[in-house]
file work_10.csv (CSV, C-alpha atoms)
chain,number,residue,atom,x,y,z
A,1,MET,CA,39.3,26.1,100.0
A,2,THR,CA,38.3,26.8,96.3
A,3,LEU,CA,36.8,30.1,95.5
A,4,LEU,CA,35.3,31.1,92.2
A,5,VAL,CA,35.7,34.9,91.6
A,6,ALA,CA,33.0,35.6,89.1
A,7,THR,CA,34.7,38.1,86.9
A,8,THR,CA,36.4,38.3,83.5
A,9,ASN,CA,37.6,41.8,83.8
A,10,PRO,CA,41.4,41.6,83.9
A,11,GLY,CA,41.8,44.9,85.8
A,12,LYS,CA,39.4,43.8,88.5
A,13,LEU,CA,41.0,40.4,88.7
A,14,ARG,CA,44.5,41.8,89.2
A,15,GLU,CA,43.2,43.8,92.2
A,16,ILE,CA,41.3,40.9,93.7
A,17,GLU,CA,44.1,38.4,93.3
A,18,ALA,CA,46.6,40.7,95.0
A,19,ILE,CA,44.2,41.1,98.0
A,20,LEU,CA,43.6,37.4,98.3
A,21,ALA,CA,47.2,36.4,97.6
A,22,ASP,CA,48.1,35.6,101.2
A,23,MET,CA,45.1,33.3,101.7
A,24,PRO,CA,45.4,29.5,101.2
A,25,ILE,CA,42.8,29.6,98.6
A,26,ARG,CA,42.6,28.1,95.1
A,27,LEU,CA,41.2,30.9,93.0
A,28,LEU,CA,39.2,30.1,89.9
A,29,THR,CA,37.8,32.7,87.6
A,30,LEU,CA,35.2,32.6,84.8
A,31,ARG,CA,38.1,32.1,82.4
A,32,ASP,CA,38.5,28.6,83.9
A,33,LEU,CA,34.8,27.9,83.3
A,34,PRO,CA,34.2,29.1,79.7
A,35,ALA,CA,31.1,26.9,79.2
A,36,VAL,CA,29.0,28.7,81.9
A,37,GLU,CA,26.8,31.4,80.4
A,38,GLU,CA,26.5,34.9,81.9
A,39,PRO,CA,23.3,35.8,83.8
A,40,GLU,CA,21.4,39.0,83.0
A,41,GLU,CA,22.3,41.8,85.4
A,42,THR,CA,18.7,42.9,86.2
A,43,GLY,CA,19.4,44.4,89.6
A,44,THR,CA,18.7,48.1,90.3
A,45,THR,CA,21.6,48.4,92.8
A,46,PHE,CA,25.2,47.2,92.9
A,47,ALA,CA,24.3,45.0,95.8
A,48,GLU,CA,21.4,43.3,94.0
A,49,ASN,CA,23.6,42.6,91.0
A,50,ALA,CA,26.4,41.2,93.1
A,51,ARG,CA,24.0,38.8,94.9
A,52,LEU,CA,22.3,37.8,91.7
A,53,LYS,CA,25.7,36.9,90.0
A,54,ALA,CA,27.1,35.2,93.1
A,55,ARG,CA,23.9,33.0,93.5
A,56,TYR,CA,23.8,32.2,89.7
A,57,TYR,CA,27.4,31.1,89.4
A,58,ALA,CA,27.4,29.2,92.7
A,59,GLN,CA,24.3,27.2,91.6
A,60,ALA,CA,25.7,26.7,88.1
A,61,THR,CA,29.1,25.4,89.3
A,62,GLY,CA,28.6,24.2,92.9
A,63,LEU,CA,31.5,26.3,93.9
A,64,LEU,CA,31.7,28.9,96.7
A,65,THR,CA,31.4,32.0,94.6
A,66,ALA,CA,32.3,35.7,95.1
A,67,ALA,CA,30.8,38.2,92.7
A,68,ASP,CA,31.1,41.9,92.7
A,69,ASP,CA,29.3,44.8,91.0
A,70,SER,CA,30.7,48.2,90.9
A,71,GLY,CA,30.6,51.6,89.3
A,72,LEU,CA,30.7,55.3,89.6
A,73,GLU,CA,27.9,57.5,91.1
A,74,ILE,CA,28.1,61.3,90.3
A,75,ASP,CA,25.9,63.4,92.7
A,76,ALA,CA,25.1,66.1,90.2
A,77,LEU,CA,24.0,63.6,87.6
A,78,ASP,CA,21.5,61.9,90.0
A,79,ASN,CA,24.0,59.1,90.7
A,80,ALA,CA,24.5,58.2,87.0
A,81,PRO,CA,26.2,56.2,85.5
A,82,GLY,CA,25.5,54.0,88.6
A,83,VAL,CA,24.8,50.3,87.8
A,84,HIS,CA,25.1,51.1,84.1
A,85,SER,CA,28.7,52.4,84.5
A,86,ALA,CA,30.2,49.9,82.1
A,87,ARG,CA,27.8,50.5,79.2
A,88,TRP,CA,26.8,54.2,79.9
A,89,HIS,CA,27.3,56.0,76.6
A,90,GLY,CA,29.3,53.2,75.1
A,91,THR,CA,32.6,51.6,76.0
A,92,ASP,CA,35.0,54.3,74.8
A,93,TYR,CA,36.2,56.0,78.0
A,94,ALA,CA,37.5,59.1,76.3
A,95,PHE,CA,34.0,59.7,75.0
A,96,LYS,CA,32.4,58.8,78.3
A,97,PHE,CA,34.6,61.3,80.1
A,98,GLU,CA,33.6,64.0,77.6
A,99,LYS,CA,29.9,63.1,78.1
A,100,ILE,CA,30.3,63.6,81.9
A,101,HIS,CA,31.9,67.0,81.5
A,102,GLU,CA,29.2,68.0,79.0
A,103,LEU,CA,26.4,67.0,81.3
A,104,LEU,CA,28.0,68.9,84.2
A,105,ARG,CA,28.5,72.0,82.0
A,106,GLU,CA,24.8,71.8,81.1
A,107,ARG,CA,24.1,72.1,84.8
A,108,GLY,CA,26.5,75.0,85.1
A,109,LEU,CA,29.0,72.9,87.0
A,110,ALA,CA,32.7,72.3,86.6
A,111,THR,CA,32.8,69.3,89.0
A,112,SER,CA,30.7,67.2,91.3
A,113,HIS,CA,31.1,65.0,94.3
A,114,ALA,CA,31.2,61.4,93.2
A,115,ARG,CA,31.9,58.0,94.6
A,116,PHE,CA,33.1,54.6,93.4
A,117,VAL,CA,31.1,51.8,94.9
A,118,CYS,CA,31.9,48.1,94.9
A,119,SER,CA,29.4,45.5,96.3
A,120,VAL,CA,30.6,42.0,96.8
A,121,ALA,CA,28.5,39.0,97.7
A,122,LEU,CA,29.6,35.4,98.6
A,123,ALA,CA,27.2,32.6,97.8
A,124,GLN,CA,27.1,28.9,98.7
A,125,GLN,CA,24.5,27.5,96.3
A,126,ALA,CA,21.4,29.7,96.7
A,127,ALA,CA,22.5,31.1,100.1
A,128,ILE,CA,24.2,34.5,100.4
A,129,VAL,CA,26.6,34.0,103.3
A,130,PHE,CA,28.5,37.3,103.2
A,131,GLU,CA,28.1,40.8,101.7
A,132,ALA,CA,30.2,43.9,101.9
A,133,GLU,CA,30.3,47.3,100.2
A,134,GLY,CA,33.4,49.4,99.7
A,135,ILE,CA,33.1,53.1,98.9
A,136,VAL,CA,35.6,55.8,98.0
A,137,SER,CA,34.5,59.5,98.0
A,138,GLY,CA,36.0,61.9,95.5
A,139,GLU,CA,35.4,64.5,92.8
A,140,ILE,CA,35.2,64.6,89.0
A,141,ALA,CA,38.5,65.8,87.7
A,142,ALA,CA,38.6,68.8,85.3
A,143,GLU,CA,40.4,66.5,82.8
A,144,PRO,CA,41.4,62.8,82.8
A,145,ARG,CA,44.9,62.2,84.3
A,146,GLY,CA,47.1,59.1,84.7
A,147,GLY,CA,47.7,55.9,82.9
A,148,ASN,CA,47.2,53.3,85.6
A,149,GLY,CA,44.0,51.6,86.6
A,150,PHE,CA,41.0,51.2,84.3
A,151,GLY,CA,37.5,52.5,83.6
A,152,TYR,CA,36.7,55.8,85.1
A,153,ASP,CA,39.9,56.0,87.3
A,154,PRO,CA,41.5,58.9,85.3
A,155,LEU,CA,38.5,61.1,86.0
A,156,PHE,CA,38.2,60.4,89.7
A,157,PHE,CA,40.1,62.9,91.8
A,158,TYR,CA,40.9,61.7,95.4
A,159,ARG,CA,41.7,64.8,97.5
A,160,PRO,CA,43.6,63.1,100.3
A,161,PHE,CA,46.2,61.9,97.7
A,162,ASN,CA,45.8,65.0,95.5
A,163,CYS,CA,45.6,62.9,92.3
A,164,THR,CA,43.3,60.7,90.3
A,165,LEU,CA,43.0,57.0,90.9
A,166,ALA,CA,44.8,56.4,87.6
A,167,GLU,CA,47.9,58.1,89.0
A,168,LEU,CA,48.3,55.6,91.7
A,169,ASP,CA,50.2,52.3,91.5
A,170,GLN,CA,48.1,49.2,92.1
A,171,GLU,CA,49.1,48.7,95.7
A,172,ARG,CA,48.4,52.3,96.8
A,173,LYS,CA,45.1,52.3,94.8
A,174,SER,CA,44.0,49.0,96.4
A,175,SER,CA,44.8,50.4,99.9
A,176,MET,CA,41.9,53.0,99.5
A,177,SER,CA,39.8,51.8,96.6
A,178,HIS,CA,36.2,50.7,96.7
A,179,ARG,CA,37.2,47.2,95.5
A,180,GLY,CA,40.1,47.0,97.9
A,181,LYS,CA,37.8,47.8,100.8
A,182,ALA,CA,35.1,45.3,99.8
A,183,PHE,CA,37.5,42.4,99.0
A,184,ARG,CA,39.5,43.0,102.2
A,185,ALA,CA,36.3,42.6,104.1
A,186,LEU,CA,35.7,39.4,102.1
A,187,ARG,CA,39.2,38.2,102.8
A,188,ASP,CA,38.7,38.8,106.6
A,189,TYR,CA,35.5,36.8,106.4
A,190,LEU,CA,37.1,33.9,104.6
A,191,HIS,CA,39.9,33.9,107.1
A,192,ALA,CA,37.4,33.8,110.0
A,193,ILE,CA,35.4,30.9,108.7
A,194,ARG,CA,38.7,28.9,108.6
A,195,THR,CA,39.3,29.8,112.3
A,196,PRO,CA,35.8,30.0,113.7
A,197,GLN,CA,36.7,31.3,117.1
A,198,SER,CA,37.6,34.6,115.5
A,199,LEU,CA,34.3,34.9,113.5
A,200,PRO,CA,33.4,37.1,111.9
B,1,MET,CA,38.9,67.2,117.0
B,2,THR,CA,35.2,67.8,117.6
B,3,LEU,CA,32.7,65.5,115.8
B,4,LEU,CA,29.0,65.8,115.7
B,5,VAL,CA,27.3,62.4,115.5
B,6,ALA,CA,23.9,63.3,114.0
B,7,THR,CA,21.7,60.9,115.9
B,8,THR,CA,19.3,60.9,118.9
B,9,ASN,CA,18.7,57.2,119.0
B,10,PRO,CA,20.2,56.0,122.3
B,11,GLY,CA,20.8,52.5,121.1
B,12,LYS,CA,22.8,53.7,118.1
B,13,LEU,CA,24.7,56.2,120.2
B,14,ARG,CA,25.9,53.6,122.6
B,15,GLU,CA,27.3,51.5,119.8
B,16,ILE,CA,29.0,54.5,118.1
B,17,GLU,CA,30.4,55.9,121.4
B,18,ALA,CA,32.0,52.5,122.2
B,19,ILE,CA,33.6,52.3,118.8
B,20,LEU,CA,35.0,55.9,118.9
B,21,ALA,CA,36.0,55.6,122.6
B,22,ASP,CA,39.7,55.2,122.0
B,23,MET,CA,39.9,58.3,119.7
B,24,PRO,CA,40.9,61.7,121.0
B,25,ILE,CA,37.6,63.2,119.8
B,26,ARG,CA,35.1,65.4,121.5
B,27,LEU,CA,31.8,63.8,120.6
B,28,LEU,CA,28.7,65.9,120.3
B,29,THR,CA,25.2,64.6,119.5
B,30,LEU,CA,22.0,66.2,118.5
B,31,ARG,CA,21.0,66.2,122.2
B,32,ASP,CA,23.7,68.9,122.6
B,33,LEU,CA,22.1,70.9,119.9
B,34,PRO,CA,18.4,70.9,120.6
B,35,ALA,CA,17.7,74.0,118.6
B,36,VAL,CA,18.7,72.5,115.3
B,37,GLU,CA,15.6,71.2,113.4
B,38,GLU,CA,15.6,67.8,111.7
B,39,PRO,CA,15.9,67.6,107.9
B,40,GLU,CA,13.4,65.6,105.8
B,41,GLU,CA,14.9,62.2,104.9
B,42,THR,CA,13.9,62.2,101.2
B,43,GLY,CA,16.7,59.9,99.9
B,44,THR,CA,15.7,56.6,98.3
B,45,THR,CA,18.8,54.8,99.6
B,46,PHE,CA,20.5,54.6,103.0
B,47,ALA,CA,23.6,56.2,101.5
B,48,GLU,CA,21.5,59.2,100.1
B,49,ASN,CA,19.9,59.8,103.5
B,50,ALA,CA,23.3,59.5,105.3
B,51,ARG,CA,24.8,62.1,102.9
B,52,LEU,CA,21.7,64.4,103.2
B,53,LYS,CA,21.8,64.4,107.0
B,54,ALA,CA,25.6,64.8,107.2
B,55,ARG,CA,25.5,67.8,104.9
B,56,TYR,CA,22.5,69.4,106.5
B,57,TYR,CA,23.9,69.2,110.1
B,58,ALA,CA,27.4,70.2,109.0
B,59,GLN,CA,26.1,73.3,107.3
B,60,ALA,CA,23.6,74.1,110.2
B,61,THR,CA,26.3,73.8,112.9
B,62,GLY,CA,29.7,74.4,111.2
B,63,LEU,CA,30.9,71.1,112.8
B,64,LEU,CA,32.5,68.1,111.2
B,65,THR,CA,29.5,65.8,111.1
B,66,ALA,CA,28.9,62.1,110.8
B,67,ALA,CA,25.4,60.8,110.0
B,68,ASP,CA,24.2,57.4,109.4
B,69,ASP,CA,21.1,55.8,107.9
B,70,SER,CA,20.4,52.1,108.4
B,71,GLY,CA,17.8,49.5,108.2
B,72,LEU,CA,16.7,46.0,107.4
B,73,GLU,CA,16.3,44.6,103.8
B,74,ILE,CA,14.4,41.3,103.4
B,75,ASP,CA,15.0,39.6,100.1
B,76,ALA,CA,11.6,38.0,99.8
B,77,LEU,CA,9.8,41.3,100.5
B,78,ASP,CA,11.6,43.1,97.7
B,79,ASN,CA,14.1,44.6,100.2
B,80,ALA,CA,11.3,46.0,102.5
B,81,PRO,CA,11.4,47.6,105.1
B,82,GLY,CA,14.5,49.2,103.6
B,83,VAL,CA,14.9,53.0,104.1
B,84,HIS,CA,11.5,53.0,105.8
B,85,SER,CA,12.6,50.5,108.5
B,86,ALA,CA,11.9,52.8,111.4
B,87,ARG,CA,8.3,53.7,110.4
B,88,TRP,CA,7.4,50.6,108.5
B,89,HIS,CA,4.0,49.4,109.9
B,90,GLY,CA,4.3,51.7,112.9
B,91,THR,CA,6.8,51.8,115.7
B,92,ASP,CA,5.7,48.7,117.8
B,93,TYR,CA,8.3,46.1,117.0
B,94,ALA,CA,6.2,43.2,118.3
B,95,PHE,CA,3.6,44.2,115.6
B,96,LYS,CA,6.3,44.8,113.0
B,97,PHE,CA,7.7,41.3,113.6
B,98,GLU,CA,4.2,39.8,113.2
B,99,LYS,CA,3.8,41.7,109.9
B,100,ILE,CA,7.0,40.3,108.5
B,101,HIS,CA,6.0,36.8,109.3
B,102,GLU,CA,2.6,37.4,107.9
B,103,LEU,CA,4.0,38.7,104.6
B,104,LEU,CA,6.4,35.8,104.4
B,105,ARG,CA,3.6,33.3,105.0
B,106,GLU,CA,1.5,35.0,102.2
B,107,ARG,CA,4.5,34.1,99.9
B,108,GLY,CA,4.6,30.5,101.2
B,109,LEU,CA,7.8,31.2,103.1
B,110,ALA,CA,8.9,30.5,106.7
B,111,THR,CA,12.1,32.6,106.4
B,112,SER,CA,14.1,34.8,104.0
B,113,HIS,CA,17.6,35.9,103.5
B,114,ALA,CA,17.9,39.5,104.9
B,115,ARG,CA,20.6,42.0,105.7
B,116,PHE,CA,21.2,45.0,108.0
B,117,VAL,CA,22.8,47.9,106.2
B,118,CYS,CA,24.3,51.0,107.8
B,119,SER,CA,25.5,53.8,105.6
B,120,VAL,CA,27.7,56.5,107.2
B,121,ALA,CA,28.7,59.8,105.6
B,122,LEU,CA,31.1,62.4,107.0
B,123,ALA,CA,30.6,66.1,105.9
B,124,GLN,CA,32.6,69.2,106.3
B,125,GLN,CA,30.2,72.0,105.3
B,126,ALA,CA,28.6,70.9,102.0
B,127,ALA,CA,31.5,68.5,101.1
B,128,ILE,CA,31.2,64.8,101.7
B,129,VAL,CA,34.7,63.7,102.7
B,130,PHE,CA,34.1,60.1,103.6
B,131,GLU,CA,31.5,57.4,103.1
B,132,ALA,CA,31.2,53.8,104.2
B,133,GLU,CA,28.6,51.1,104.3
B,134,GLY,CA,28.5,48.2,106.7
B,135,ILE,CA,26.4,45.1,105.9
B,136,VAL,CA,25.6,41.9,107.8
B,137,SER,CA,23.9,39.0,106.1
B,138,GLY,CA,21.4,36.8,108.0
B,139,GLU,CA,18.0,35.3,108.0
B,140,ILE,CA,14.6,36.1,109.4
B,141,ALA,CA,14.1,34.1,112.6
B,142,ALA,CA,11.0,32.0,113.1
B,143,GLU,CA,10.3,34.0,116.3
B,144,PRO,CA,11.9,37.0,118.0
B,145,ARG,CA,14.6,36.0,120.5
B,146,GLY,CA,16.8,37.9,122.9
B,147,GLY,CA,16.5,41.1,125.0
B,148,ASN,CA,19.6,43.0,124.0
B,149,GLY,CA,20.0,45.4,121.1
B,150,PHE,CA,17.1,47.3,119.6
B,151,GLY,CA,14.8,47.6,116.6
B,152,TYR,CA,14.7,44.4,114.4
B,153,ASP,CA,17.6,42.7,116.2
B,154,PRO,CA,15.5,40.0,117.9
B,155,LEU,CA,14.2,38.8,114.5
B,156,PHE,CA,17.7,38.8,112.8
B,157,PHE,CA,19.3,35.3,112.9
B,158,TYR,CA,23.1,35.3,112.3
B,159,ARG,CA,24.1,31.8,111.4
B,160,PRO,CA,27.9,32.0,112.3
B,161,PHE,CA,26.9,32.8,115.9
B,162,ASN,CA,23.7,30.6,115.8
B,163,CYS,CA,21.6,33.3,117.5
B,164,THR,CA,19.8,36.6,116.8
B,165,LEU,CA,21.6,39.9,117.2
B,166,ALA,CA,19.5,40.6,120.3
B,167,GLU,CA,21.1,37.6,122.0
B,168,LEU,CA,24.6,39.2,121.8
B,169,ASP,CA,26.2,41.6,124.3
B,170,GLN,CA,27.1,44.9,122.8
B,171,GLU,CA,30.7,44.3,122.3
B,172,ARG,CA,30.1,41.0,120.4
B,173,LYS,CA,27.3,42.5,118.4
B,174,SER,CA,29.5,45.6,117.5
B,175,SER,CA,32.3,43.2,116.3
B,176,MET,CA,30.1,42.0,113.4
B,177,SER,CA,27.2,44.4,113.1
B,178,HIS,CA,26.5,46.7,110.1
B,179,ARG,CA,26.9,49.8,112.3
B,180,GLY,CA,30.1,48.4,113.9
B,181,LYS,CA,31.6,47.8,110.4
B,182,ALA,CA,30.6,51.3,109.1
B,183,PHE,CA,31.8,53.2,112.1
B,184,ARG,CA,35.0,51.3,112.4
B,185,ALA,CA,35.7,52.4,108.9
B,186,LEU,CA,34.9,56.0,109.9
B,187,ARG,CA,37.2,55.6,112.9
B,188,ASP,CA,40.1,54.5,110.7
B,189,TYR,CA,39.5,57.4,108.4
B,190,LEU,CA,39.5,59.9,111.3
B,191,HIS,CA,42.6,58.3,112.7
B,192,ALA,CA,44.3,58.6,109.3
B,193,ILE,CA,43.5,62.3,108.7
B,194,ARG,CA,45.3,63.0,112.1
B,195,THR,CA,48.3,61.1,110.8
B,196,PRO,CA,48.3,61.9,107.1
B,197,GLN,CA,51.2,59.6,106.2
B,198,SER,CA,48.9,56.6,106.8
B,199,LEU,CA,46.0,57.9,104.7
B,200,PRO,CA,43.4,56.6,104.2
call {"tool": "encode", "arguments": {"input": "work_10.csv", "output": "C-alpha cells"}}
result
Amino acid sequence: MTLLVATTNPGKLREIEAILADMPIRLLTLRDLPAVEEPEETGTTFAENARLKARYYAQATGLLTAADDSGLEIDALDNAPGVHSARWHGTDYAFKFEKIHELLRERGLATSHARFVCSVALAQQAAIVFEAEGIVSGEIAAEPRGGNGFGYDPLFFYRPFNCTLAELDQERKSSMSHRGKAFRALRDYLHAIRTPQSLP
Amino acid sequence: MTLLVATTNPGKLREIEAILADMPIRLLTLRDLPAVEEPEETGTTFAENARLKARYYAQATGLLTAADDSGLEIDALDNAPGVHSARWHGTDYAFKFEKIHELLRERGLATSHARFVCSVALAQQAAIVFEAEGIVSGEIAAEPRGGNGFGYDPLFFYRPFNCTLAELDQERKSSMSHRGKAFRALRDYLHAIRTPQSLP
C-alpha cells in the first residue's frame, strides 16, 4: 500500500511517520512530489480543509491520500486562531504568544480553556473514504514553556501531565496529542481495510 | 465515580450505556433529574453545543457531566442538516428523507458523500476536562433501508459493510459509529483518570 501524506511541515511529518511506522505502508510526502501545486485552503473548518486537501492531492496524483488540518481554538477568543492558526498574526510564535496574552488581558483574563484540533481525511480520487478528528483539551499557559514540539505547543498547558505540550518528548506527546489521536484512528482504519473481517 | 450523561434520547442512551457498561461508574441521566431545565443550544458547531450542555448541567447539578451533540452533514447540501439535524424539516424522518432526496435531485445528484459527527465534552463545574469527536464517513442511500438504529440511520450507507446503519445490530453499529468512537474515547479517558499512570 502506498499512502501520500499531504504535508510539508517537518514537525507534523515526524509525528505521523512515528504513528504509521509499524504499518506495511510506503509513505510518500509532498516533498516527493514537488511539481504538484498547493490548493487554496478555503474551508471554514478543519474538517473541510482536510477533505479539500485530501481530494485535491488524490486527484492530482492518483494516490491514496491522507491530509490533515489542525490548529488551536481558544474559548475566550471566540475559538481564534482556529483554521487560521498558522498565519494568525504572522509566523513568529513569540509574537503570536504575546498577542494571545494581550487579547486575554483585554478581556480581563489571565488564561482560557483551549483545545488543539486535528482533522484528518483519507481520499481515493474524489471519494472521502475515512475521516477522524482528534482533540486535546487544555489551558493557555501564563508563559511559554518547553523546547520540544512546534507551533503553539509551548503555550498549551495540559493539566493531567502538569506541563505544556512543548515539555513532552515526542512519544509522550503523540500518546495524547490531537494529531496522535487522529492519525492512530487513520492507522486503525488502514489496518482494517487490509484485513476486512475486522473492519472498521 | 458518578457520571451524568446529559441526554434524554433513549436510542443514544442505549448506545452510551453499552459502551460504558464495563466501567465501575454509576450512570445518571437527565431522566433522574427531571427538575433541571434544558439549556438553549446556541452553538454553531457540534463541539460548541456539547461543551455548552456539559458545562450547564455540571454547574446545575455539581456532577461530573458528559454531554454530546451529533448530527448528519451532507456535502452536497453545504453540510446541512448539521447542528440542526434533529429539527431540520420537522421531526418526521420519512419526510426528512424525502426532503434530502428532493434537494439532491434539485442539484442533479442521486447521492452525496455525508458523515455522522458526534462531539462529546466532559465538564467538572465550568471546566471542560475532556473532548472528543467521532466521525463516520458514508453516502446518502437511494432509499431508506433497515429497521434498527434511529434518526437518519436508514439513509446512511456505509460502504465497508455494504449496508445502511439501520441494518446493523447495536453492537456492530457501535463498533464503527460516530457515537461509538466518541464515547469509547471518553471511556478510555475515564479509565485513565482512575489509574493516573496510564493517562490519558
call {"tool": "interface_residues", "arguments": {"input": "work_10.csv", "of": "chain A", "to": "chain B", "cutoff": "9 Å", "atoms": "all atoms listed in the file", "output": "list in words"}}
result
His113, Arg115, Ala127, Ile128, Val129, Phe130, Glu131, Ala132, Glu133, Gly134, Ile135, Val136, Ser137, Gly138, Arg159, Pro160, Phe161, Ser175, Met176, Ile193, Pro196, Leu199 and Pro200 of chain A
call {"tool": "atom_distance", "arguments": {"input": "work_10.csv", "atom1": "CA of Thr164 (chain A)", "atom2": "CA of Ile140 (chain A)"}}
result
9.1 Å
call {"tool": "atom_distance", "arguments": {"input": "work_10.csv", "atom1": "CA of Pro24 (chain B)", "atom2": "CA of Tyr57 (chain B)"}}
result
21.5 Å
call {"tool": "atom_distance", "arguments": {"input": "work_10.csv", "atom1": "CA of Phe116 (chain B)", "atom2": "CA of Glu73 (chain B)"}}
result
6.5 Å
call {"tool": "closest_residue", "arguments": {"input": "work_10.csv", "among": "B:Pro39, B:Gly108, B:Gly149, B:Gly11", "to": "Arg51 (chain B)", "atoms": "all atoms listed in the file"}}
result
B:Pro39
call {"tool": "closest_residue", "arguments": {"input": "work_10.csv", "among": "A:Ala80, A:Met23, A:Leu28, A:Ala47", "to": "Tyr189 (chain A)", "atoms": "all atoms listed in the file"}}
result
A:Met23
call {"tool": "residues_around", "arguments": {"input": "work_10.csv", "residues": "Glu40 (chain B)", "least_positions_apart": "2", "cutoff": "12 Å", "atoms": "all atoms listed in the file", "output": "JSON, numbers by chain"}}
result
{"B": [37, 38, 42, 43, 44, 48, 49, 50, 52, 53, 56, 57]}
call {"tool": "residues_around", "arguments": {"input": "work_10.csv", "residues": "Leu20 (chain B)", "least_positions_apart": "4", "cutoff": "10 Å", "atoms": "all atoms listed in the file", "output": "MDAnalysis selection string"}}
result
chainID B and resid 15:16 24:27 183:184 186:188 190
call {"tool": "closest_residue", "arguments": {"input": "work_10.csv", "among": "B:Arg179, B:Arg55, B:Arg31, B:Lys99", "to": "Asn9 (chain B)", "atoms": "only C-alpha atoms"}}
result
B:Arg31
call {"tool": "axis_aligned_box", "arguments": {"input": "work_10.csv", "around": "region 152-159 of chain A", "padding_each_side": "4 Å", "output": "lines of an AutoDock Vina configuration file"}}
result
center_x = 39.2
center_y = 60.3
center_z = 91.3
size_x = 13.0
size_y = 17.0
size_z = 20.4
call {"tool": "closest_residue", "arguments": {"input": "work_10.csv", "among": "B:Leu77, B:Gly180, B:Gly82, B:Asp169", "to": "Glu17 (chain B)", "atoms": "only C-alpha atoms"}}
result
B:Gly180
call {"tool": "residues_near_point", "arguments": {"input": "work_10.csv", "point": "(20.1, 40.7, 121.0)", "cutoff": "6 Å", "atoms": "only C-alpha atoms", "output": "list in words"}}
result
Gly146, Gly147, Asn148, Gly149, Asp153, Pro154, Thr164, Leu165, Ala166, Glu167 and Leu168 of chain B
call {"tool": "residues_near_point", "arguments": {"input": "work_10.csv", "point": "(20.5, 63.9, 119.6)", "cutoff": "8 Å", "atoms": "all atoms listed in the file", "output": "compact mmCIF listing (two decimals) with C-alpha atoms, in the coordinates of the input"}}
result
# COMPACT_ATOMS: atom_id res chain seq x y z
CA ALA B 6 23.90 63.30 114.00
CA THR B 7 21.70 60.90 115.90
CA THR B 8 19.30 60.90 118.90
CA ASN B 9 18.70 57.20 119.00
CA THR B 29 25.20 64.60 119.50
CA LEU B 30 22.00 66.20 118.50
CA ARG B 31 21.00 66.20 122.20
CA ASP B 32 23.70 68.90 122.60
CA LEU B 33 22.10 70.90 119.90
CA PRO B 34 18.40 70.90 120.60
call {"tool": "build_atoms", "arguments": {"input": "work_10.csv", "residues": "region 178-189 of chain A", "atoms": "N, CA, C and O atoms", "output": "short mmCIF file (atom, residue, chain, number, x, y, z; two decimals), in the coordinates of the input"}}
result
data_model
loop_
_atom_site.label_atom_id
_atom_site.label_comp_id
_atom_site.auth_asym_id
_atom_site.auth_seq_id
_atom_site.Cartn_x
_atom_site.Cartn_y
_atom_site.Cartn_z
N HIS A 178 37.46 51.36 96.44
CA HIS A 178 36.20 50.70 96.70
C HIS A 178 36.35 49.17 96.67
O HIS A 178 35.90 48.44 97.54
N ARG A 179 37.04 48.70 95.62
CA ARG A 179 37.20 47.20 95.50
C ARG A 179 38.13 46.69 96.52
O ARG A 179 37.89 45.61 97.07
N GLY A 180 39.19 47.44 96.83
CA GLY A 180 40.10 47.00 97.90
C GLY A 180 39.37 46.86 99.21
O GLY A 180 39.53 45.86 99.91
N LYS A 181 38.53 47.85 99.55
CA LYS A 181 37.80 47.80 100.80
C LYS A 181 36.86 46.58 100.86
O LYS A 181 36.80 45.85 101.84
N ALA A 182 36.10 46.40 99.79
CA ALA A 182 35.10 45.30 99.80
C ALA A 182 35.78 43.95 99.83
O ALA A 182 35.36 43.07 100.58
N PHE A 183 36.85 43.77 99.05
CA PHE A 183 37.50 42.40 99.00
C PHE A 183 38.37 42.19 100.23
O PHE A 183 38.59 41.03 100.58
N ARG A 184 38.87 43.23 100.90
CA ARG A 184 39.50 43.00 102.20
C ARG A 184 38.55 42.51 103.23
O ARG A 184 38.86 41.66 104.05
N ALA A 185 37.33 43.06 103.17
CA ALA A 185 36.30 42.60 104.10
C ALA A 185 35.97 41.11 103.79
O ALA A 185 35.80 40.30 104.70
N LEU A 186 35.90 40.76 102.50
CA LEU A 186 35.70 39.40 102.10
C LEU A 186 36.82 38.47 102.60
O LEU A 186 36.60 37.39 103.15
N ARG A 187 38.05 38.94 102.40
CA ARG A 187 39.20 38.20 102.80
C ARG A 187 39.14 37.90 104.36
O ARG A 187 39.37 36.79 104.82
N ASP A 188 38.78 38.95 105.13
CA ASP A 188 38.70 38.80 106.60
C ASP A 188 37.62 37.74 106.94
O ASP A 188 37.79 36.96 107.87
N TYR A 189 36.51 37.75 106.18
CA TYR A 189 35.50 36.80 106.40
C TYR A 189 35.94 35.35 106.12
O TYR A 189 35.73 34.42 106.89
#
